[in-house]
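Notes follow once the structure below has been shown.
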Amino acid sequence: MTVLVFGARGYLGGAVKALYPGALAPSVDIADSAAVCAALDQYKPDVVINAAGKTGRPNVDWCEDHKLETLSSNTLGPLVLLKACAERSIYWVHFGSGCIYAGDNGGAGFTEEDTPNFMGSTYSRTKSWADGALREFAQDPSHPGGILLLRLRMPFEGTKSPRNLLTKISGYARVLDTPNSLTYLPDFFRALSILVEKRAKGVFNAVNPGPISPYAIMERYREIVDPSHQFERLTLGDLPQVARAVRSNCVLNSSKIQRETGNVFRTGEEAVEEALEMLR
Ligand SMILES: NC(=O)c1ccc[n+]([C@@H]2O[C@H](COP(=O)([O-])OP(=O)(O)OC[C@H]3O[C@@H](n4cnc5c(N)ncnc54)[C@H](OP(=O)(O)O)[C@@H]3O)[C@@H](O)[C@H]2O)c1
């Protein structure tokens, strides 16, 4: 199986390269249609994985001041891939975001059938616009290769990567106490490999069941990793004091991906425990 990954130098793209060590990783702007088509024609991949996108540094507030670059990478690029892969009947995977919802949908979590309801930041809008187009074509016969759209949220794992959610929130003086759906990367990459193997198509919420708040995670962090760690509670109402762009806080329903992968996602609580033990 020839896998080609876009965005291989990023946090998630690097992990895709680790999952598929032989994967091709051309340095191509995904919004540049001619360059994308040339790469696909040269390498003729069986599977394309798009881990490219603008996430902002140090955080998504960056996207508010770089709207065109964000639009180009997060919306235009995926549309270029949609067309280029369809024309060549190539199966491809896109890393979408769950940050296109707000709330917990009455406790049930949002399913893949629910219309996104959060458009509060440039990052979320550009991800949502791509999500809408990919959803339309994911299983459509006019895209003969098929699309697998995986929506992640706040990825975390047991390393000290600065991109790991646990690293980020352990550096915050005030930590949000609202439960959120999260993606544990070891579970996510097991799911990715299963879904790619069976060429699954469609939209999947790629999160662990059982939302958990960053504040609750840091309470466990203090118990397991660093008893001297200090932090304070941040409520949803206080969030605008520390973040410029409005942040999505949401719970997604993960039943569909659990059915399709044989329950590879552990509960959020179990996943956090494992990651914290690894950090310790
Ligand atoms: N990490 C998260 O919290 C999270 C959550 C949900 C979804 N996702 C999605 O997952 C994807 C990867 O996220 P990540 O955390 O791995 O981000 P990342 O560490 O910022 O990596 C993204 C990579 O894509 C590259 N890139 C940006 N625009 C590109 C373009 N037009 N063409 C080719 N490469 C481009 C970036 O290069 P430059 O640095 O040069 O721009 C970077 O190497 C993104 O689409 C993101 O929206 C991430």
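Ordered as shown in the structure tokens, chains take letters A, B, and onward, while each chain numbers its residues from 1 and ligands are numbered from 1 in the order shown.
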
| query | How would you write, as JSON, numbers by chain, the set of residues no farther than 8 Å from ligand 1 when counting only C-alpha atoms and all ligand atoms? | reply | {"A": [6, 7, 8, 9, 10, 11, 12, 13, 14, 27, 28, 29, 30, 31, 32, 50, 51, 52, 53, 54, 55, 56, 57, 69, 70, 72, 73, 74, 77, 94, 95, 96, 97, 98, 99, 123, 127, 151, 152, 153, 154, 155, 163, 164, 165]}

Save the residues we just selected, N, CA and C atoms, as a short mmCIF file (atom, residue, chain, number, x, y, z; two decimals), in the first residue's frame?
data_model
loop_
_atom_site.label_atom_id
_atom_site.label_comp_id
_atom_site.auth_asym_id
_atom_site.auth_seq_id
_atom_site.Cartn_x
_atom_site.Cartn_y
_atom_site.Cartn_z
N PHE A 6 0.31 14.51 3.38
CA PHE A 6 0.56 15.95 3.32
C PHE A 6 0.59 16.49 4.75
N GLY A 7 1.50 17.43 4.99
CA GLY A 7 1.61 18.01 6.34
C GLY A 7 2.43 17.13 7.27
N ALA A 8 3.36 16.36 6.71
CA ALA A 8 4.13 15.38 7.51
C ALA A 8 5.05 16.03 8.53
N ARG A 9 5.33 17.33 8.37
CA ARG A 9 6.23 17.97 9.35
C ARG A 9 5.47 18.46 10.58
N GLY A 10 4.16 18.33 10.60
CA GLY A 10 3.37 18.79 11.73
C GLY A 10 3.27 17.74 12.82
N TYR A 11 2.54 18.10 13.87
CA TYR A 11 2.35 17.23 15.04
C TYR A 11 1.68 15.91 14.64
N LEU A 12 0.53 16.00 14.01
CA LEU A 12 -0.19 14.76 13.65
C LEU A 12 0.44 14.10 12.43
N GLY A 13 0.89 14.92 11.47
CA GLY A 13 1.52 14.36 10.27
C GLY A 13 2.77 13.55 10.60
N GLY A 14 3.53 14.00 11.59
CA GLY A 14 4.72 13.27 12.01
C GLY A 14 4.33 11.91 12.58
N SER A 27 6.83 17.80 -0.14
CA SER A 27 6.66 19.14 0.42
C SER A 27 5.85 19.96 -0.59
N VAL A 28 4.55 19.91 -0.43
CA VAL A 28 3.65 20.53 -1.42
C VAL A 28 2.61 21.36 -0.69
N ASP A 29 2.32 22.55 -1.24
CA ASP A 29 1.23 23.37 -0.70
C ASP A 29 -0.08 22.74 -1.18
N ILE A 30 -0.89 22.27 -0.25
CA ILE A 30 -2.10 21.56 -0.65
C ILE A 30 -3.11 22.46 -1.37
N ALA A 31 -2.93 23.77 -1.26
CA ALA A 31 -3.85 24.68 -1.98
C ALA A 31 -3.37 24.94 -3.40
N ASP A 32 -2.21 24.41 -3.75
CA ASP A 32 -1.64 24.60 -5.09
C ASP A 32 -2.05 23.38 -5.93
N ASN A 50 -4.32 13.60 4.58
CA ASN A 50 -4.07 15.04 4.70
C ASN A 50 -4.02 15.47 6.16
N ALA A 51 -2.79 15.68 6.63
CA ALA A 51 -2.59 16.20 8.00
C ALA A 51 -2.13 17.65 7.94
N ALA A 52 -2.26 18.27 6.76
CA ALA A 52 -1.84 19.68 6.62
C ALA A 52 -2.99 20.59 7.01
N GLY A 53 -2.64 21.71 7.60
CA GLY A 53 -3.66 22.70 7.97
C GLY A 53 -3.02 23.75 8.85
N LYS A 54 -3.66 24.90 8.94
CA LYS A 54 -3.15 25.95 9.83
C LYS A 54 -3.87 25.84 11.18
N THR A 55 -3.07 25.61 12.22
CA THR A 55 -3.64 25.50 13.57
C THR A 55 -3.26 26.71 14.43
N GLY A 56 -2.27 27.49 13.95
CA GLY A 56 -1.86 28.71 14.67
C GLY A 56 -0.80 28.45 15.72
N ARG A 57 0.12 29.39 15.85
CA ARG A 57 1.14 29.35 16.90
C ARG A 57 1.16 30.73 17.56
N GLU A 69 -4.32 32.99 4.91
CA GLU A 69 -3.48 31.78 4.99
C GLU A 69 -4.29 30.63 5.61
N THR A 70 -5.10 30.97 6.60
CA THR A 70 -5.90 29.93 7.26
C THR A 70 -6.94 29.37 6.29
N SER A 72 -6.74 29.36 3.06
CA SER A 72 -6.05 28.61 2.00
C SER A 72 -5.73 27.18 2.45
N SER A 73 -5.20 27.04 3.65
CA SER A 73 -4.78 25.71 4.12
C SER A 73 -5.95 24.86 4.63
N ASN A 74 -6.91 25.51 5.27
CA ASN A 74 -7.96 24.72 5.94
C ASN A 74 -9.21 24.50 5.10
N GLY A 77 -7.30 24.12 0.44
CA GLY A 77 -6.46 22.93 0.29
C GLY A 77 -7.28 21.63 0.28
N HIS A 94 -8.94 12.86 5.61
CA HIS A 94 -8.75 14.25 6.03
C HIS A 94 -8.90 14.37 7.54
N PHE A 95 -7.98 15.12 8.16
CA PHE A 95 -8.08 15.37 9.59
C PHE A 95 -8.90 16.64 9.81
N GLY A 96 -10.17 16.44 10.15
CA GLY A 96 -11.05 17.55 10.46
C GLY A 96 -11.03 17.82 11.95
N SER A 97 -11.89 18.74 12.36
CA SER A 97 -11.91 19.12 13.77
C SER A 97 -13.33 19.03 14.32
N GLY A 98 -13.40 18.64 15.59
CA GLY A 98 -14.70 18.67 16.28
C GLY A 98 -15.04 20.06 16.78
N CYS A 99 -14.10 21.00 16.62
CA CYS A 99 -14.34 22.37 17.11
C CYS A 99 -15.27 23.14 16.18
N TYR A 123 -10.50 29.88 12.77
CA TYR A 123 -10.09 28.48 12.66
C TYR A 123 -11.31 27.58 12.48
N LYS A 127 -12.43 25.32 9.13
CA LYS A 127 -12.51 23.86 9.25
C LYS A 127 -13.94 23.40 8.92
N ARG A 151 -12.86 13.61 12.60
CA ARG A 151 -12.88 14.85 13.40
C ARG A 151 -12.23 14.59 14.76
N LEU A 152 -11.08 15.24 14.97
CA LEU A 152 -10.39 15.11 16.26
C LEU A 152 -10.73 16.31 17.14
N ARG A 153 -10.44 16.13 18.44
CA ARG A 153 -10.58 17.27 19.38
C ARG A 153 -9.50 17.20 20.44
N MET A 154 -8.79 18.30 20.60
CA MET A 154 -7.82 18.45 21.69
C MET A 154 -6.98 17.19 21.86
N PRO A 155 -6.18 16.81 20.85
CA PRO A 155 -5.41 15.57 20.95
C PRO A 155 -4.41 15.58 22.11
N ARG A 163 2.80 20.23 21.66
CA ARG A 163 1.49 20.21 21.00
C ARG A 163 0.49 19.31 21.73
N ASN A 164 1.00 18.53 22.68
CA ASN A 164 0.15 17.63 23.47
C ASN A 164 -0.74 18.46 24.40
N LEU A 165 -2.05 18.21 24.43
CA LEU A 165 -2.95 18.98 25.29
C LEU A 165 -2.47 19.00 26.74
#

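Here the residues within range 175-241 of chain A that DSSP labels strand (DSSP E or B) on the basis of the backbone are Val175, Leu176, Asn180, Thr183, Tyr184, Gly202, Val203, Phe204, Asn205, Ile212, Glu232, Arg233 and Leu234 of chain A.
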
Save the residues we just selected, N, CA and C atoms, as an mmCIF file, in the first residue's frame?
data_model
loop_
_atom_site.group_PDB
_atom_site.id
_atom_site.type_symbol
_atom_site.label_atom_id
_atom_site.label_comp_id
_atom_site.auth_asym_id
_atom_site.auth_seq_id
_atom_site.Cartn_x
_atom_site.Cartn_y
_atom_site.Cartn_z
ATOM 1 N N VAL A 175 -7.259 26.906 34.536
ATOM 2 C CA VAL A 175 -7.619 25.792 33.655
ATOM 3 C C VAL A 175 -9.140 25.620 33.627
ATOM 4 N N LEU A 176 -9.668 25.445 32.433
ATOM 5 C CA LEU A 176 -11.113 25.408 32.202
ATOM 6 C C LEU A 176 -11.773 24.198 32.864
ATOM 7 N N ASN A 180 -15.188 18.325 28.043
ATOM 8 C CA ASN A 180 -15.032 18.349 26.592
ATOM 9 C C ASN A 180 -14.674 16.967 26.080
ATOM 10 N N THR A 183 -9.335 13.580 22.133
ATOM 11 C CA THR A 183 -8.838 12.471 21.310
ATOM 12 C C THR A 183 -7.510 11.979 21.864
ATOM 13 N N TYR A 184 -7.498 10.715 22.307
ATOM 14 C CA TYR A 184 -6.253 10.117 22.785
ATOM 15 C C TYR A 184 -5.530 9.533 21.567
ATOM 16 N N GLY A 202 -16.725 8.183 4.779
ATOM 17 C CA GLY A 202 -17.729 8.932 5.533
ATOM 18 C C GLY A 202 -17.096 9.743 6.643
ATOM 19 N N VAL A 203 -17.964 10.323 7.466
ATOM 20 C CA VAL A 203 -17.537 11.210 8.550
ATOM 21 C C VAL A 203 -17.549 10.445 9.870
ATOM 22 N N PHE A 204 -16.498 10.627 10.668
ATOM 23 C CA PHE A 204 -16.442 9.963 11.980
ATOM 24 C C PHE A 204 -15.938 10.941 13.025
ATOM 25 N N ASN A 205 -16.647 11.015 14.134
ATOM 26 C CA ASN A 205 -16.153 11.751 15.295
ATOM 27 C C ASN A 205 -15.087 10.889 15.955
ATOM 28 N N ILE A 212 -14.333 15.002 29.483
ATOM 29 C CA ILE A 212 -13.605 15.263 30.715
ATOM 30 C C ILE A 212 -13.111 16.717 30.649
ATOM 31 N N GLU A 232 -5.406 27.270 38.953
ATOM 32 C CA GLU A 232 -6.714 27.708 39.443
ATOM 33 C C GLU A 232 -7.796 27.343 38.444
ATOM 34 N N ARG A 233 -9.031 27.396 38.924
ATOM 35 C CA ARG A 233 -10.186 27.058 38.095
ATOM 36 C C ARG A 233 -10.548 28.234 37.176
ATOM 37 N N LEU A 234 -10.834 27.904 35.908
ATOM 38 C CA LEU A 234 -11.317 28.915 34.960
ATOM 39 C C LEU A 234 -12.701 28.466 34.492
#

With the cut-off set at 9 Å and counting only C-alpha atoms, tabulate each residue of range 115-199 of chain A with an atom at most that distance from an atom of range 63-68 of chain A, showing the nearest atom pair and its distance in Å to one decimal, ordered by chain and increasing number, as JSON lines.
{"residue": "A:Ser121", "atom": "CA", "partner": "A:Glu64", "partner_atom": "CA", "distance": 7.3}
{"residue": "A:Thr122", "atom": "CA", "partner": "A:Glu64", "partner_atom": "CA", "distance": 5.7}
{"residue": "A:Tyr123", "atom": "CA", "partner": "A:Cys63", "partner_atom": "CA", "distance": 6.0}
{"residue": "A:Thr126", "atom": "CA", "partner": "A:Lys67", "partner_atom": "CA", "distance": 8.9}

| said: Need the shell around Asn117 in chain A: protein/DNA/RNA residues with any atom at most 9 Å away, counting only C-alpha atoms. Skip same-chain ones fewer than 6 positions apart. Format as a VMD selection string? | reply: chain A and resid 100 to 103

| For Val225 in chain A: contacts at 12 Å, only C-alpha atoms, fewer than 5 positions along chain excluded, given as a list in words |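 These residues fall inside the cut-off: Gly158, Leu166, Thr167, Ser170, Ile217, Met218, Glu219, Arg220, Val272, Glu273, Glu274, Ala275, Leu276, Glu277, Met278, Leu279 and Arg280 of chain A.
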
| Please, what distance in Å, to one decimal, runs between CA of Arg190 in chain A and CA of Gly22 in chain A? | 17.2 Å

| query | Got a sec: who's within 10 Å of Asp104 in chain A, counting only C-alpha atoms, leaving out chain neighbours fewer than 6 positions off, as a ChimeraX atom specification? | reply | /A:110,179-181,211,249-253

| field | Residue nearest Ala243 in chain A - candidates A:His143, A:Lys44, A:Arg88, A:Arg174, atoms counted: only C-alpha atoms | value |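 Comparing A:His143, A:Lys44, A:Arg88, A:Arg174 against Ala243 in chain A, the winner is A:Arg174.
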
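Residues with any atom within 8 Å of Pro144 in chain A, counting only C-alpha atoms and excluding same-chain neighbours fewer than 3 positions away, are Ala86, Ser89, Ile90, Tyr91, Asp140 and Pro141 of chain A.
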
| said: What does the structure give for the distance between CA of Leu4 in chain A and CA of Ala200 in chain A, in Å to one decimal? | reply: 17.2 Å

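CA of Glu197 in chain A is positioned 17.2 Å from CA of Phe265 in chain A.
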
Can you list, as a PDB file with C-alpha atoms, in the first residue's frame, every residue of range 2-212 of chain A that DSSP puts in alpha helix (DSSP H)?
ATOM      1  CA  TYR A  11       2.349  17.227  15.039  1.00  0.00           C
ATOM      2  CA  LEU A  12      -0.185  14.765  13.653  1.00  0.00           C
ATOM      3  CA  GLY A  13       1.516  14.356  10.269  1.00  0.00           C
ATOM      4  CA  GLY A  14       4.716  13.267  12.013  1.00  0.00           C
ATOM      5  CA  ALA A  15       2.742  10.603  13.857  1.00  0.00           C
ATOM      6  CA  VAL A  16       1.229   9.429  10.555  1.00  0.00           C
ATOM      7  CA  LYS A  17       4.780   8.994   9.232  1.00  0.00           C
ATOM      8  CA  ALA A  18       5.591   6.937  12.316  1.00  0.00           C
ATOM      9  CA  LEU A  19       2.492   4.773  11.702  1.00  0.00           C
ATOM     10  CA  SER A  33      -3.698  22.463  -7.443  1.00  0.00           C
ATOM     11  CA  ALA A  34      -0.953  21.988 -10.065  1.00  0.00           C
ATOM     12  CA  ALA A  35       1.588  20.902  -7.430  1.00  0.00           C
ATOM     13  CA  VAL A  36      -0.872  18.506  -5.780  1.00  0.00           C
ATOM     14  CA  CYS A  37      -1.826  16.942  -9.138  1.00  0.00           C
ATOM     15  CA  ALA A  38       1.848  16.594 -10.103  1.00  0.00           C
ATOM     16  CA  ALA A  39       2.621  14.799  -6.800  1.00  0.00           C
ATOM     17  CA  LEU A  40      -0.334  12.436  -7.194  1.00  0.00           C
ATOM     18  CA  ASP A  41       0.621  11.655 -10.799  1.00  0.00           C
ATOM     19  CA  GLN A  42       4.267  11.105  -9.911  1.00  0.00           C
ATOM     20  CA  TYR A  43       3.734   8.858  -6.861  1.00  0.00           C
ATOM     21  CA  ASP A  61      -5.745  33.189  17.977  1.00  0.00           C
ATOM     22  CA  TRP A  62      -3.034  33.411  15.272  1.00  0.00           C
ATOM     23  CA  CYS A  63      -5.672  32.525  12.670  1.00  0.00           C
ATOM     24  CA  GLU A  64      -7.641  35.708  13.465  1.00  0.00           C
ATOM     25  CA  ASP A  65      -4.729  37.784  12.089  1.00  0.00           C
ATOM     26  CA  LYS A  67      -7.325  34.754   7.729  1.00  0.00           C
ATOM     27  CA  LEU A  68      -6.260  34.238   4.110  1.00  0.00           C
ATOM     28  CA  GLU A  69      -3.480  31.782   4.994  1.00  0.00           C
ATOM     29  CA  THR A  70      -5.895  29.929   7.264  1.00  0.00           C
ATOM     30  CA  LEU A  71      -8.571  29.832   4.561  1.00  0.00           C
ATOM     31  CA  GLY A  77      -6.462  22.927   0.290  1.00  0.00           C
ATOM     32  CA  PRO A  78      -8.976  20.220   1.243  1.00  0.00           C
ATOM     33  CA  LEU A  79     -11.141  21.235  -1.752  1.00  0.00           C
ATOM     34  CA  VAL A  80      -8.127  20.904  -4.056  1.00  0.00           C
ATOM     35  CA  LEU A  81      -7.508  17.418  -2.626  1.00  0.00           C
ATOM     36  CA  LEU A  82     -11.184  16.526  -2.967  1.00  0.00           C
ATOM     37  CA  LYS A  83     -11.145  17.270  -6.708  1.00  0.00           C
ATOM     38  CA  ALA A  84      -7.649  15.953  -7.456  1.00  0.00           C
ATOM     39  CA  CYS A  85      -8.271  12.642  -5.627  1.00  0.00           C
ATOM     40  CA  ALA A  86     -11.737  12.257  -7.188  1.00  0.00           C
ATOM     41  CA  GLU A  87     -10.311  12.690 -10.700  1.00  0.00           C
ATOM     42  CA  THR A 122     -11.642  31.892  11.976  1.00  0.00           C
ATOM     43  CA  TYR A 123     -10.087  28.480  12.657  1.00  0.00           C
ATOM     44  CA  SER A 124     -13.464  26.842  13.316  1.00  0.00           C
ATOM     45  CA  ARG A 125     -15.168  28.497  10.335  1.00  0.00           C
ATOM     46  CA  THR A 126     -12.451  27.432   7.890  1.00  0.00           C
ATOM     47  CA  LYS A 127     -12.515  23.858   9.254  1.00  0.00           C
ATOM     48  CA  SER A 128     -16.317  23.825   9.098  1.00  0.00           C
ATOM     49  CA  TRP A 129     -16.457  24.989   5.487  1.00  0.00           C
ATOM     50  CA  ALA A 130     -14.157  22.130   4.476  1.00  0.00           C
ATOM     51  CA  ASP A 131     -16.123  19.693   6.652  1.00  0.00           C
ATOM     52  CA  GLY A 132     -19.360  20.603   4.850  1.00  0.00           C
ATOM     53  CA  ALA A 133     -17.919  19.981   1.376  1.00  0.00           C
ATOM     54  CA  LEU A 134     -16.189  16.735   2.364  1.00  0.00           C
ATOM     55  CA  ARG A 135     -19.331  15.479   4.083  1.00  0.00           C
ATOM     56  CA  GLU A 136     -21.233  16.027   0.834  1.00  0.00           C
ATOM     57  CA  PHE A 137     -18.750  13.951  -1.196  1.00  0.00           C
ATOM     58  CA  LEU A 165      -2.950  18.980  25.290  1.00  0.00           C
ATOM     59  CA  LEU A 166      -1.528  17.793  28.624  1.00  0.00           C
ATOM     60  CA  THR A 167       1.665  19.795  28.075  1.00  0.00           C
ATOM     61  CA  LYS A 168      -0.350  22.853  27.093  1.00  0.00           C
ATOM     62  CA  ILE A 169      -2.723  22.860  30.055  1.00  0.00           C
ATOM     63  CA  SER A 170       0.028  22.017  32.546  1.00  0.00           C
ATOM     64  CA  LEU A 185      -3.699   9.734  20.005  1.00  0.00           C
ATOM     65  CA  PRO A 186      -2.673   6.071  20.596  1.00  0.00           C
ATOM     66  CA  ASP A 187      -6.371   5.119  20.222  1.00  0.00           C
ATOM     67  CA  PHE A 188      -6.813   7.471  17.275  1.00  0.00           C
ATOM     68  CA  PHE A 189      -3.917   5.981  15.319  1.00  0.00           C
ATOM     69  CA  ARG A 190      -5.121   2.431  15.958  1.00  0.00           C
ATOM     70  CA  ALA A 191      -8.516   3.508  14.625  1.00  0.00           C
ATOM     71  CA  LEU A 192      -6.931   5.216  11.625  1.00  0.00           C
ATOM     72  CA  SER A 193      -5.050   2.100  10.679  1.00  0.00           C
ATOM     73  CA  ILE A 194      -8.194  -0.085  10.963  1.00  0.00           C
ATOM     74  CA  LEU A 195     -10.321   2.345   8.969  1.00  0.00           C
ATOM     75  CA  VAL A 196      -7.724   2.786   6.221  1.00  0.00           C
ATOM     76  CA  GLU A 197      -7.253  -0.980   5.989  1.00  0.00           C
TER      77      GLU A 197
END

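Non-sequential neighbours of Ile147 in chain A (distance at most 7 Å, separation of 6 or more positions within a chain, only C-alpha atoms) are Tyr91, Trp92, Val93, Ala138, Gln139, Lys201 and Gly202 of chain A.
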